[in-house]
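Structure file my_file33.pdb with PDB, C-alpha atoms, pLDDT in the B column:
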```pdb
MODEL        1
ATOM      1  CA  MET F   1       7.048 -17.019  -5.640  1.00 39.00           C
ATOM      2  CA  SER F   2       7.792 -18.282  -9.108  1.00 45.00           C
ATOM      3  CA  ASP F   3       4.679 -16.589 -10.461  1.00 65.00           C
ATOM      4  CA  THR F   4       6.008 -13.138  -9.712  1.00 60.00           C
ATOM      5  CA  SER F   5       8.594 -11.117 -11.562  1.00 61.00           C
ATOM      6  CA  ILE F   6       9.842  -7.600 -11.097  1.00 58.00           C
ATOM      7  CA  ASN F   7      11.269  -5.502 -13.912  1.00 56.00           C
ATOM      8  CA  THR F   8      13.450  -2.592 -13.049  1.00 50.00           C
ATOM      9  CA  SER F   9      14.198   0.321 -15.314  1.00 48.00           C
ATOM     10  CA  ALA F  10      15.809   3.620 -14.484  1.00 41.00           C
ATOM     11  CA  GLU F  11      12.604   5.563 -14.053  1.00 51.00           C
ATOM     12  CA  THR F  12       9.831   3.190 -13.135  1.00 58.00           C
ATOM     13  CA  ARG F  13       9.496  -0.348 -11.981  1.00 68.00           C
ATOM     14  CA  THR F  14       6.892  -2.943 -12.800  1.00 80.00           C
ATOM     15  CA  LEU F  15       5.454  -5.815 -10.861  1.00 83.00           C
ATOM     16  CA  VAL F  16       4.123  -8.751 -12.909  1.00 87.00           C
ATOM     17  CA  ILE F  17       2.174 -11.697 -11.586  1.00 89.00           C
ATOM     18  CA  GLU F  18       1.121 -14.466 -13.956  1.00 91.00           C
ATOM     19  CA  ARG F  19      -0.842 -17.516 -13.023  1.00 92.00           C
ATOM     20  CA  GLU F  20      -2.546 -20.207 -15.062  1.00 92.00           C
ATOM     21  CA  MET F  21      -6.112 -20.889 -13.917  1.00 93.00           C
ATOM     22  CA  PRO F  22      -8.347 -23.792 -15.010  1.00 94.00           C
ATOM     23  CA  TYR F  23     -11.286 -21.585 -16.070  1.00 95.00           C
ATOM     24  CA  PRO F  24     -12.336 -19.904 -19.320  1.00 95.00           C
ATOM     25  CA  PRO F  25     -11.520 -16.188 -19.767  1.00 96.00           C
ATOM     26  CA  GLU F  26     -15.248 -15.294 -19.626  1.00 96.00           C
ATOM     27  CA  LYS F  27     -15.551 -16.578 -16.089  1.00 96.00           C
ATOM     28  CA  ILE F  28     -12.412 -14.828 -14.881  1.00 96.00           C
ATOM     29  CA  TRP F  29     -13.593 -11.644 -16.581  1.00 97.00           C
ATOM     30  CA  ARG F  30     -16.746 -11.743 -14.437  1.00 96.00           C
ATOM     31  CA  ALA F  31     -14.660 -12.010 -11.285  1.00 96.00           C
ATOM     32  CA  LEU F  32     -12.564  -9.050 -12.415  1.00 97.00           C
ATOM     33  CA  THR F  33     -15.472  -6.789 -13.370  1.00 97.00           C
ATOM     34  CA  GLN F  34     -18.551  -7.506 -11.226  1.00 96.00           C
ATOM     35  CA  PRO F  35     -18.519  -5.331  -8.086  1.00 97.00           C
ATOM     36  CA  GLN F  36     -19.941  -7.966  -5.742  1.00 95.00           C
ATOM     37  CA  LEU F  37     -17.320 -10.465  -6.966  1.00 95.00           C
ATOM     38  CA  ILE F  38     -14.462  -7.926  -6.891  1.00 95.00           C
ATOM     39  CA  GLU F  39     -15.369  -7.245  -3.287  1.00 94.00           C
ATOM     40  CA  GLN F  40     -14.775 -10.877  -2.403  1.00 93.00           C
ATOM     41  CA  TRP F  41     -11.187 -11.050  -3.582  1.00 94.00           C
ATOM     42  CA  LEU F  42      -9.962  -7.459  -3.774  1.00 93.00           C
ATOM     43  CA  MET F  43     -11.869  -4.743  -1.912  1.00 92.00           C
ATOM     44  CA  LYS F  44     -15.232  -3.020  -1.581  1.00 94.00           C
ATOM     45  CA  ASN F  45     -15.778  -0.946  -4.681  1.00 97.00           C
ATOM     46  CA  ASP F  46     -18.065   0.983  -7.034  1.00 98.00           C
ATOM     47  CA  PHE F  47     -16.474  -0.382 -10.178  1.00 98.00           C
ATOM     48  CA  LEU F  48     -18.163  -0.203 -13.607  1.00 97.00           C
ATOM     49  CA  PRO F  49     -16.563  -1.655 -16.732  1.00 97.00           C
ATOM     50  CA  ALA F  50     -16.721   1.683 -18.580  1.00 97.00           C
ATOM     51  CA  VAL F  51     -13.737   3.655 -19.844  1.00 96.00           C
ATOM     52  CA  ASP F  52     -13.094   6.832 -17.794  1.00 96.00           C
ATOM     53  CA  HIS F  53     -15.312   5.646 -14.939  1.00 97.00           C
ATOM     54  CA  ARG F  54     -13.829   6.734 -11.611  1.00 97.00           C
ATOM     55  CA  PHE F  55     -14.144   4.337  -8.724  1.00 97.00           C
ATOM     56  CA  LYS F  56     -12.827   3.698  -5.261  1.00 94.00           C
ATOM     57  CA  LEU F  57     -11.535   0.527  -3.697  1.00 93.00           C
ATOM     58  CA  SER F  58     -11.898   0.642   0.044  1.00 87.00           C
ATOM     59  CA  ALA F  59     -10.702  -1.418   2.958  1.00 76.00           C
ATOM     60  CA  ASP F  60     -10.403  -0.786   6.671  1.00 64.00           C
ATOM     61  CA  TRP F  61      -6.868   0.526   6.101  1.00 58.00           C
ATOM     62  CA  GLY F  62      -7.818   3.144   3.514  1.00 62.00           C
ATOM     63  CA  THR F  63      -8.926   3.713  -0.060  1.00 75.00           C
ATOM     64  CA  VAL F  64      -7.447   3.455  -3.499  1.00 85.00           C
ATOM     65  CA  ASP F  65      -8.627   5.940  -6.146  1.00 87.00           C
ATOM     66  CA  CYS F  66      -8.976   4.437  -9.587  1.00 94.00           C
ATOM     67  CA  GLN F  67     -10.097   5.285 -13.097  1.00 95.00           C
ATOM     68  CA  VAL F  68     -10.843   2.804 -15.846  1.00 97.00           C
ATOM     69  CA  LEU F  69      -8.463   3.068 -18.814  1.00 96.00           C
ATOM     70  CA  VAL F  70      -9.172   0.027 -20.995  1.00 97.00           C
ATOM     71  CA  VAL F  71     -12.080  -2.427 -21.256  1.00 98.00           C
ATOM     72  CA  GLU F  72     -11.779  -5.207 -23.829  1.00 98.00           C
ATOM     73  CA  PRO F  73     -14.225  -7.848 -22.608  1.00 98.00           C
ATOM     74  CA  ASN F  74     -12.618 -11.194 -21.744  1.00 97.00           C
ATOM     75  CA  LYS F  75      -9.214  -9.879 -22.791  1.00 98.00           C
ATOM     76  CA  THR F  76      -7.856  -6.713 -21.213  1.00 98.00           C
ATOM     77  CA  LEU F  77      -8.822  -4.536 -18.283  1.00 98.00           C
ATOM     78  CA  SER F  78      -6.774  -1.595 -17.091  1.00 97.00           C
ATOM     79  CA  TYR F  79      -7.204   1.091 -14.458  1.00 97.00           C
ATOM     80  CA  THR F  80      -5.180   3.691 -12.640  1.00 93.00           C
ATOM     81  CA  TRP F  81      -4.335   3.005  -9.017  1.00 89.00           C
ATOM     82  CA  ALA F  82      -3.636   5.943  -6.697  1.00 80.00           C
ATOM     83  CA  ALA F  83      -2.723   5.136  -3.112  1.00 72.00           C
ATOM     84  CA  PHE F  84      -0.289   6.342  -0.479  1.00 59.00           C
ATOM     85  CA  GLY F  85       0.240   9.528  -2.467  1.00 53.00           C
ATOM     86  CA  PHE F  86       1.422   8.084  -5.737  1.00 64.00           C
ATOM     87  CA  GLU F  87      -0.198   6.928  -8.952  1.00 75.00           C
ATOM     88  CA  SER F  88       0.339   3.712 -10.780  1.00 84.00           C
ATOM     89  CA  VAL F  89      -1.422   1.583 -13.402  1.00 91.00           C
ATOM     90  CA  VAL F  90      -2.832  -1.935 -13.217  1.00 94.00           C
ATOM     91  CA  VAL F  91      -3.329  -4.000 -16.393  1.00 96.00           C
ATOM     92  CA  TRP F  92      -5.085  -7.376 -16.434  1.00 97.00           C
ATOM     93  CA  THR F  93      -4.601  -9.582 -19.474  1.00 97.00           C
ATOM     94  CA  LEU F  94      -6.424 -12.873 -20.034  1.00 97.00           C
ATOM     95  CA  ILE F  95      -4.791 -15.284 -22.460  1.00 97.00           C
ATOM     96  CA  PRO F  96      -6.711 -18.470 -23.362  1.00 97.00           C
ATOM     97  CA  THR F  97      -4.676 -21.662 -22.978  1.00 95.00           C
ATOM     98  CA  HIS F  98      -5.294 -25.404 -23.439  1.00 94.00           C
ATOM     99  CA  GLY F  99      -6.640 -25.986 -19.971  1.00 92.00           C
ATOM    100  CA  GLY F 100      -7.988 -22.545 -19.134  1.00 94.00           C
ATOM    101  CA  THR F 101      -6.546 -19.071 -18.973  1.00 95.00           C
ATOM    102  CA  ARG F 102      -3.245 -17.436 -18.208  1.00 95.00           C
ATOM    103  CA  VAL F 103      -4.035 -14.493 -15.934  1.00 95.00           C
ATOM    104  CA  ARG F 104      -1.458 -11.730 -16.081  1.00 94.00           C
ATOM    105  CA  MET F 105      -1.477  -8.716 -13.789  1.00 94.00           C
ATOM    106  CA  GLU F 106       0.970  -5.926 -14.434  1.00 91.00           C
ATOM    107  CA  HIS F 107       1.254  -3.156 -11.868  1.00 88.00           C
ATOM    108  CA  SER F 108       3.530  -0.422 -13.169  1.00 85.00           C
ATOM    109  CA  GLY F 109       4.591   3.123 -12.525  1.00 75.00           C
ATOM    110  CA  PHE F 110       6.400   2.616  -9.228  1.00 64.00           C
ATOM    111  CA  ARG F 111       8.994   5.261  -8.895  1.00 54.00           C
ATOM    112  CA  SER F 112      12.255   4.523  -7.200  1.00 44.00           C
ATOM    113  CA  GLU F 113      12.227   5.204  -3.473  1.00 42.00           C
ATOM    114  CA  GLU F 114      14.240   8.360  -3.952  1.00 37.00           C
ATOM    115  CA  ASP F 115      11.476   9.833  -6.073  1.00 42.00           C
ATOM    116  CA  ALA F 116       8.623   8.683  -3.911  1.00 41.00           C
ATOM    117  CA  ASN F 117       6.517  11.724  -3.342  1.00 39.00           C
ATOM    118  CA  TYR F 118       3.972  11.665  -0.589  1.00 36.00           C
ATOM    119  CA  LYS F 119       1.247  14.223  -1.084  1.00 33.00           C
ATOM    120  CA  GLY F 120      -1.794  15.118   0.890  1.00 30.00           C
ATOM    121  CA  ALA F 121      -3.409  13.139   3.607  1.00 29.00           C
ATOM    122  CA  VAL F 122      -2.368   9.550   3.918  1.00 37.00           C
ATOM    123  CA  HIS F 123      -4.750   6.963   5.305  1.00 36.00           C
ATOM    124  CA  GLY F 124      -4.354   3.452   6.431  1.00 42.00           C
ATOM    125  CA  TRP F 125      -1.031   3.545   8.167  1.00 45.00           C
ATOM    126  CA  GLN F 126      -2.012   0.838  10.573  1.00 44.00           C
ATOM    127  CA  ARG F 127      -2.286  -1.898   7.999  1.00 51.00           C
ATOM    128  CA  PHE F 128       0.606  -0.389   6.188  1.00 53.00           C
ATOM    129  CA  ILE F 129       2.896  -0.385   9.188  1.00 50.00           C
ATOM    130  CA  GLU F 130       1.989  -3.978   9.926  1.00 51.00           C
ATOM    131  CA  SER F 131       3.250  -4.835   6.463  1.00 52.00           C
ATOM    132  CA  LEU F 132       6.537  -3.124   7.224  1.00 51.00           C
ATOM    133  CA  ASP F 133       7.670  -6.229   9.073  1.00 47.00           C
ATOM    134  CA  ARG F 134       7.486  -8.141   5.834  1.00 47.00           C
ATOM    135  CA  VAL F 135       9.407  -5.420   4.063  1.00 46.00           C
ATOM    136  CA  VAL F 136      12.103  -5.496   6.728  1.00 44.00           C
ATOM    137  CA  GLY F 137      12.524  -9.201   6.029  1.00 45.00           C
ATOM    138  CA  GLY F 138      13.023  -8.405   2.359  1.00 47.00           C
ATOM    139  CA  LEU F 139      15.546  -5.669   3.062  1.00 42.00           C
ATOM    140  CA  GLU F 140      17.813  -7.600   5.350  1.00 40.00           C
ATOM    141  CA  ASP F 141      20.037  -9.155   2.701  1.00 38.00           C
TER     142      ASP F 141
ATOM    143  CA  MET H   1      27.789   7.281   1.440  1.00 36.00           C
ATOM    144  CA  VAL H   2      24.181   7.921   0.541  1.00 39.00           C
ATOM    145  CA  SER H   3      23.241   4.305   1.177  1.00 44.00           C
ATOM    146  CA  VAL H   4      24.938   4.388   4.580  1.00 47.00           C
ATOM    147  CA  VAL H   5      22.850   7.400   5.545  1.00 50.00           C
ATOM    148  CA  LYS H   6      19.769   5.670   4.206  1.00 53.00           C
ATOM    149  CA  THR H   7      20.438   2.519   6.191  1.00 55.00           C
ATOM    150  CA  ALA H   8      21.059   4.496   9.364  1.00 60.00           C
ATOM    151  CA  ASN H   9      17.761   6.301   8.994  1.00 67.00           C
ATOM    152  CA  ALA H  10      15.939   3.093   8.118  1.00 67.00           C
ATOM    153  CA  ASN H  11      17.174   1.548  11.346  1.00 70.00           C
ATOM    154  CA  LEU H  12      15.968   4.539  13.331  1.00 78.00           C
ATOM    155  CA  VAL H  13      12.564   4.354  11.664  1.00 77.00           C
ATOM    156  CA  PHE H  14      12.127   0.654  12.298  1.00 71.00           C
ATOM    157  CA  ARG H  15      13.326   0.942  15.871  1.00 76.00           C
ATOM    158  CA  ALA H  16      10.913   3.822  16.403  1.00 82.00           C
ATOM    159  CA  LEU H  17       7.983   1.819  15.073  1.00 76.00           C
ATOM    160  CA  THR H  18       8.618  -1.497  16.799  1.00 73.00           C
ATOM    161  CA  ASP H  19       7.213  -0.182  20.084  1.00 80.00           C
ATOM    162  CA  PRO H  20       3.391  -0.465  20.053  1.00 79.00           C
ATOM    163  CA  THR H  21       2.850   2.710  22.103  1.00 87.00           C
ATOM    164  CA  ARG H  22       5.095   4.710  19.793  1.00 88.00           C
ATOM    165  CA  ARG H  23       3.412   3.210  16.774  1.00 82.00           C
ATOM    166  CA  GLY H  24       0.066   4.212  18.286  1.00 83.00           C
ATOM    167  CA  ILE H  25       1.265   7.785  18.813  1.00 90.00           C
ATOM    168  CA  PHE H  26       2.545   7.976  15.237  1.00 86.00           C
ATOM    169  CA  GLU H  27      -0.726   6.604  13.861  1.00 79.00           C
ATOM    170  CA  GLU H  28      -2.717   9.048  15.982  1.00 83.00           C
ATOM    171  CA  LEU H  29      -0.633  11.887  14.547  1.00 86.00           C
ATOM    172  CA  THR H  30      -1.266  10.735  10.978  1.00 77.00           C
ATOM    173  CA  ARG H  31      -4.987  11.110  11.700  1.00 75.00           C
ATOM    174  CA  HIS H  32      -4.661  14.757  12.778  1.00 80.00           C
ATOM    175  CA  ARG H  33      -2.829  17.751  11.440  1.00 80.00           C
ATOM    176  CA  GLU H  34      -1.213  18.479  14.782  1.00 90.00           C
ATOM    177  CA  GLN H  35      -1.490  17.380  18.395  1.00 93.00           C
ATOM    178  CA  THR H  36      -0.149  18.643  21.705  1.00 94.00           C
ATOM    179  CA  VAL H  37       1.595  16.426  24.248  1.00 94.00           C
ATOM    180  CA  HIS H  38      -1.501  16.717  26.434  1.00 93.00           C
ATOM    181  CA  ALA H  39      -3.797  15.393  23.725  1.00 94.00           C
ATOM    182  CA  LEU H  40      -1.340  12.608  22.932  1.00 95.00           C
ATOM    183  CA  THR H  41      -1.055  11.690  26.609  1.00 95.00           C
ATOM    184  CA  ARG H  42      -4.826  11.349  26.853  1.00 93.00           C
ATOM    185  CA  TYR H  43      -4.781   9.171  23.766  1.00 92.00           C
ATOM    186  CA  ALA H  44      -1.823   6.959  24.682  1.00 91.00           C
ATOM    187  CA  GLY H  45      -2.892   6.236  28.254  1.00 91.00           C
ATOM    188  CA  VAL H  46       0.663   6.504  29.623  1.00 93.00           C
ATOM    189  CA  SER H  47       2.345   9.295  31.615  1.00 95.00           C
ATOM    190  CA  GLN H  48       3.304  12.570  29.969  1.00 95.00           C
ATOM    191  CA  PRO H  49       7.058  12.031  30.498  1.00 96.00           C
ATOM    192  CA  ALA H  50       6.687   8.644  28.785  1.00 96.00           C
ATOM    193  CA  VAL H  51       4.912  10.265  25.836  1.00 96.00           C
ATOM    194  CA  SER H  52       7.664  12.900  25.644  1.00 96.00           C
ATOM    195  CA  LYS H  53      10.288  10.159  25.530  1.00 96.00           C
ATOM    196  CA  HIS H  54       8.429   8.372  22.731  1.00 96.00           C
ATOM    197  CA  LEU H  55       8.162  11.648  20.821  1.00 96.00           C
ATOM    198  CA  THR H  56      11.925  12.132  21.121  1.00 95.00           C
ATOM    199  CA  VAL H  57      12.524   8.731  19.527  1.00 94.00           C
ATOM    200  CA  LEU H  58      10.010   9.493  16.760  1.00 94.00           C
ATOM    201  CA  LYS H  59      11.612  12.900  16.156  1.00 94.00           C
ATOM    202  CA  ARG H  60      15.066  11.350  15.890  1.00 92.00           C
ATOM    203  CA  ALA H  61      13.715   9.038  13.189  1.00 88.00           C
ATOM    204  CA  ARG H  62      12.188  12.147  11.555  1.00 88.00           C
ATOM    205  CA  LEU H  63       8.769  10.514  11.704  1.00 88.00           C
ATOM    206  CA  VAL H  64       7.495  13.425  13.765  1.00 93.00           C
ATOM    207  CA  GLY H  65       8.091  17.148  13.513  1.00 93.00           C
ATOM    208  CA  HIS H  66       7.186  19.865  15.966  1.00 94.00           C
ATOM    209  CA  ARG H  67       6.344  23.543  16.202  1.00 94.00           C
ATOM    210  CA  ARG H  68       6.426  25.772  19.248  1.00 93.00           C
ATOM    211  CA  ASP H  69       3.544  28.125  19.905  1.00 91.00           C
ATOM    212  CA  GLY H  70       4.025  30.001  23.173  1.00 90.00           C
ATOM    213  CA  ARG H  71       4.235  27.407  25.921  1.00 88.00           C
ATOM    214  CA  GLU H  72       2.700  24.658  23.834  1.00 90.00           C
ATOM    215  CA  THR H  73       4.521  22.400  21.399  1.00 92.00           C
ATOM    216  CA  HIS H  74       2.514  21.001  18.515  1.00 95.00           C
ATOM    217  CA  TYR H  75       3.545  17.705  16.976  1.00 95.00           C
ATOM    218  CA  ARG H  76       2.796  16.441  13.493  1.00 92.00           C
ATOM    219  CA  ALA H  77       3.459  13.231  11.583  1.00 86.00           C
ATOM    220  CA  GLN H  78       6.019  13.249   8.774  1.00 82.00           C
ATOM    221  CA  PRO H  79       5.135  10.031   6.961  1.00 71.00           C
ATOM    222  CA  GLU H  80       7.526  10.973   4.142  1.00 70.00           C
ATOM    223  CA  ALA H  81      10.269   9.776   6.518  1.00 72.00           C
ATOM    224  CA  LEU H  82       9.070   6.283   5.611  1.00 71.00           C
ATOM    225  CA  ALA H  83      10.061   6.813   1.969  1.00 64.00           C
ATOM    226  CA  PRO H  84      13.628   5.497   2.214  1.00 57.00           C
ATOM    227  CA  VAL H  85      12.553   2.310   3.944  1.00 60.00           C
ATOM    228  CA  VAL H  86       9.444   1.353   2.059  1.00 63.00           C
ATOM    229  CA  ASP H  87       9.923  -1.094  -0.759  1.00 65.00           C
ATOM    230  CA  TRP H  88       6.703  -0.627  -2.696  1.00 65.00           C
ATOM    231  CA  LEU H  89       7.346  -3.518  -5.048  1.00 68.00           C
ATOM    232  CA  ASN H  90       7.893  -5.869  -2.163  1.00 69.00           C
ATOM    233  CA  LEU H  91       4.785  -4.610  -0.414  1.00 70.00           C
ATOM    234  CA  TYR H  92       2.569  -4.841  -3.501  1.00 78.00           C
ATOM    235  CA  GLY H  93       4.118  -8.165  -4.496  1.00 79.00           C
ATOM    236  CA  ALA H  94       2.857  -9.659  -1.230  1.00 77.00           C
ATOM    237  CA  PHE H  95      -0.472  -7.856  -1.615  1.00 82.00           C
ATOM    238  CA  TRP H  96      -1.186  -9.126  -5.133  1.00 88.00           C
ATOM    239  CA  ARG H  97      -0.058 -12.707  -4.474  1.00 87.00           C
ATOM    240  CA  GLU H  98      -2.571 -12.817  -1.645  1.00 87.00           C
ATOM    241  CA  ARG H  99      -5.275 -11.359  -3.944  1.00 91.00           C
ATOM    242  CA  PHE H 100      -4.522 -13.937  -6.629  1.00 93.00           C
ATOM    243  CA  ASP H 101      -5.094 -16.672  -4.044  1.00 92.00           C
ATOM    244  CA  LEU H 102      -8.438 -15.114  -3.090  1.00 93.00           C
ATOM    245  CA  LEU H 103      -9.386 -14.733  -6.749  1.00 96.00           C
ATOM    246  CA  GLU H 104      -8.797 -18.445  -7.286  1.00 95.00           C
ATOM    247  CA  ASP H 105     -10.954 -19.242  -4.248  1.00 95.00           C
ATOM    248  CA  ILE H 106     -13.796 -17.146  -5.654  1.00 96.00           C
ATOM    249  CA  LEU H 107     -13.527 -18.793  -9.075  1.00 96.00           C
ATOM    250  CA  LYS H 108     -13.804 -22.195  -7.422  1.00 95.00           C
ATOM    251  CA  ARG H 109     -17.061 -21.151  -5.754  1.00 94.00           C
ATOM    252  CA  MET H 110     -18.622 -19.266  -8.690  1.00 92.00           C
ATOM    253  CA  ASP H 111     -21.244 -20.736 -11.015  1.00 84.00           C
ATOM    254  CA  PRO H 112     -19.657 -22.005 -14.247  1.00 83.00           C
TER     255      PRO H 112
ENDMDL
END
```
Is it possible to give me this structure as structure tokens?
Amino acid sequence: MSDTSINTSAETRTLVIEREMPYPPEKIWRALTQPQLIEQWLMKNDFLPAVDHRFKLSADWGTVDCQVLVVEPNKTLSYTWAAFGFESVVVWTLIPTHGGTRVRMEHSGFRSEEDANYKGAVHGWQRFIESLDRVVGGLED
Amino acid sequence: MVSVVKTANANLVFRALTDPTRRGIFEELTRHREQTVHALTRYAGVSQPAVSKHLTVLKRARLVGHRRDGRETHYRAQPEALAPVVDWLNLYGAFWRERFDLLEDILKRMDP
């Protein structure tokens, strides 16, 4: 819980997760950029660490359409993230520390619920609806 | 006032989706453009009156819309009705925390 923060501004909101990991940036970079490793912690994919490369992340509940924005080996990786009819941006930053690396993930571009615009076909409602229970918990207060 | 309306609709949506058969009907509709009651009855495996009742609940929550064509009524999903109740940050917060855990597991197992 303490590793997560949420920034709210009028237009868009940002989710930030930061965690210190006892490994060098080079090793974490491999996990973030090699398709067979990405598959093991995120989703099946056809990722390539090349700017403008379009790729898909897929799971049984649907797909996420992405495009690479920034590749600075062992430092910064960014891609667009389009799912459930809206587009957002994910930025990974690796900061070397004494004992390893601070891994920072910033997911931004969430519009407020009022602006949420659902376009086109939407896949993966099953998984999504299952997660609603968790959301209900968060909304109760 | 707006938030009262929002809360009321959120309650309708959640109540509509807590029933597994109704959830199944809604999911089936999201997979097709439109469906008739007959098609939905075949899919749901319950009686047609039961399906009609479920559709009424889903319509009240605005999760489902309908269109009449002669004697047939065609139903369609309106997933945008979920918009007021979905907290994307909350949803993705849970998603990414879980992924961070998996990432750490992978790092533990990877060659140095």
Write out as number ranges by chain the residues lying within 9 Å of F:Tyr23, counting only C-alpha atoms and excluding same-chain residues fewer than 2 positions away.
F: 20-21, 25-28, 99-101; H: 107, 112
Excluding F:Met105 and its own-chain neighbours fewer than 4 positions away, which residues fall within 12 Å of it when counting only C-alpha atoms? Please give them as a PDB file with C-alpha atoms, in the frame of the given file.
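Wrote it out as around_4.pdb, contents follow:
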```pdb
ATOM      1  CA  ASP F   3       4.679 -16.589 -10.461  1.00 65.00           C
ATOM      2  CA  THR F   4       6.008 -13.138  -9.712  1.00 60.00           C
ATOM      3  CA  SER F   5       8.594 -11.117 -11.562  1.00 61.00           C
ATOM      4  CA  ILE F   6       9.842  -7.600 -11.097  1.00 58.00           C
ATOM      5  CA  THR F  14       6.892  -2.943 -12.800  1.00 80.00           C
ATOM      6  CA  LEU F  15       5.454  -5.815 -10.861  1.00 83.00           C
ATOM      7  CA  VAL F  16       4.123  -8.751 -12.909  1.00 87.00           C
ATOM      8  CA  ILE F  17       2.174 -11.697 -11.586  1.00 89.00           C
ATOM      9  CA  GLU F  18       1.121 -14.466 -13.956  1.00 91.00           C
ATOM     10  CA  ARG F  19      -0.842 -17.516 -13.023  1.00 92.00           C
ATOM     11  CA  GLU F  20      -2.546 -20.207 -15.062  1.00 92.00           C
ATOM     12  CA  LEU F  32     -12.564  -9.050 -12.415  1.00 97.00           C
ATOM     13  CA  LYS F  75      -9.214  -9.879 -22.791  1.00 98.00           C
ATOM     14  CA  THR F  76      -7.856  -6.713 -21.213  1.00 98.00           C
ATOM     15  CA  LEU F  77      -8.822  -4.536 -18.283  1.00 98.00           C
ATOM     16  CA  SER F  78      -6.774  -1.595 -17.091  1.00 97.00           C
ATOM     17  CA  TYR F  79      -7.204   1.091 -14.458  1.00 97.00           C
ATOM     18  CA  VAL F  89      -1.422   1.583 -13.402  1.00 91.00           C
ATOM     19  CA  VAL F  90      -2.832  -1.935 -13.217  1.00 94.00           C
ATOM     20  CA  VAL F  91      -3.329  -4.000 -16.393  1.00 96.00           C
ATOM     21  CA  TRP F  92      -5.085  -7.376 -16.434  1.00 97.00           C
ATOM     22  CA  THR F  93      -4.601  -9.582 -19.474  1.00 97.00           C
ATOM     23  CA  LEU F  94      -6.424 -12.873 -20.034  1.00 97.00           C
ATOM     24  CA  ILE F  95      -4.791 -15.284 -22.460  1.00 97.00           C
TER      25      ILE F  95
ATOM     26  CA  TYR H  92       2.569  -4.841  -3.501  1.00 78.00           C
ATOM     27  CA  GLY H  93       4.118  -8.165  -4.496  1.00 79.00           C
ATOM     28  CA  TRP H  96      -1.186  -9.126  -5.133  1.00 88.00           C
ATOM     29  CA  ARG H  97      -0.058 -12.707  -4.474  1.00 87.00           C
ATOM     30  CA  ARG H  99      -5.275 -11.359  -3.944  1.00 91.00           C
ATOM     31  CA  PHE H 100      -4.522 -13.937  -6.629  1.00 93.00           C
TER      32      PHE H 100
END
```
Per residue of chain H within 6 Å of chain F, record the nearest atom pair and its distance in Å to one decimal, counting all atoms listed in the file, with rows in chain order and ascending residue number, as a tab-separated table.
```
residue	atom	partner	partner_atom	distance
H:Glu80	CA	F:Tyr118	CA	6.0
H:Pro84	CA	F:Glu113	CA	5.9
H:Arg99	CA	F:Trp41	CA	5.9
H:Leu102	CA	F:Trp41	CA	4.9
H:Leu103	CA	F:Trp41	CA	5.2
```
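The space between atom CA of H:Arg22 and atom CA of H:Leu91 spans 22.3 Å.
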A straight line from atom CA of F:Asp46 to atom CA of H:Asp101 spans 22.1 Å
Around stretch 50-55 of chain H, fit a box with edges along x, y and z, padding it by 6 Å on each side, then list its centre and edge lengths in Å to one decimal as JSON.
```
{"center_x": 7.6, "center_y": 10.6, "center_z": 24.8, "size_x": 17.4, "size_y": 16.5, "size_z": 20.0}
```
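Of the residues listed (F:Ser88, F:Asn45, F:Ala50, F:Phe55), F:Ala50 shows the shortest atom-to-atom separation from F:Glu72; distances use all atoms listed in the file.
Residues of protein, DNA and RNA with at least one atom no farther than 9 Å from (4.3, 19.4, 17.6) are, using only C-alpha atoms, H:Glu34, H:Gln35, H:Thr36, H:Val37, H:Val64, H:Gly65, H:His66, H:Arg67, H:Arg68, H:Glu72, H:Thr73, H:His74, H:Tyr75, H:Arg76, H:Ala77.
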Using only C-alpha atoms, please write the residues we just selected to a file, as a compact mmCIF listing (two decimals), keeping the file's coordinate frame.
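As a result, selection34.txt now contains:
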```
# COMPACT_ATOMS: atom_id res chain seq x y z
CA GLU H 34 -1.21 18.48 14.78
CA GLN H 35 -1.49 17.38 18.40
CA THR H 36 -0.15 18.64 21.70
CA VAL H 37 1.60 16.43 24.25
CA VAL H 64 7.50 13.42 13.76
CA GLY H 65 8.09 17.15 13.51
CA HIS H 66 7.19 19.86 15.97
CA ARG H 67 6.34 23.54 16.20
CA ARG H 68 6.43 25.77 19.25
CA GLU H 72 2.70 24.66 23.83
CA THR H 73 4.52 22.40 21.40
CA HIS H 74 2.51 21.00 18.52
CA TYR H 75 3.54 17.70 16.98
CA ARG H 76 2.80 16.44 13.49
CA ALA H 77 3.46 13.23 11.58
```
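Take atom CA of F:Leu57 and atom CA of H:Gly24: the distance between them is 25.1 Å.
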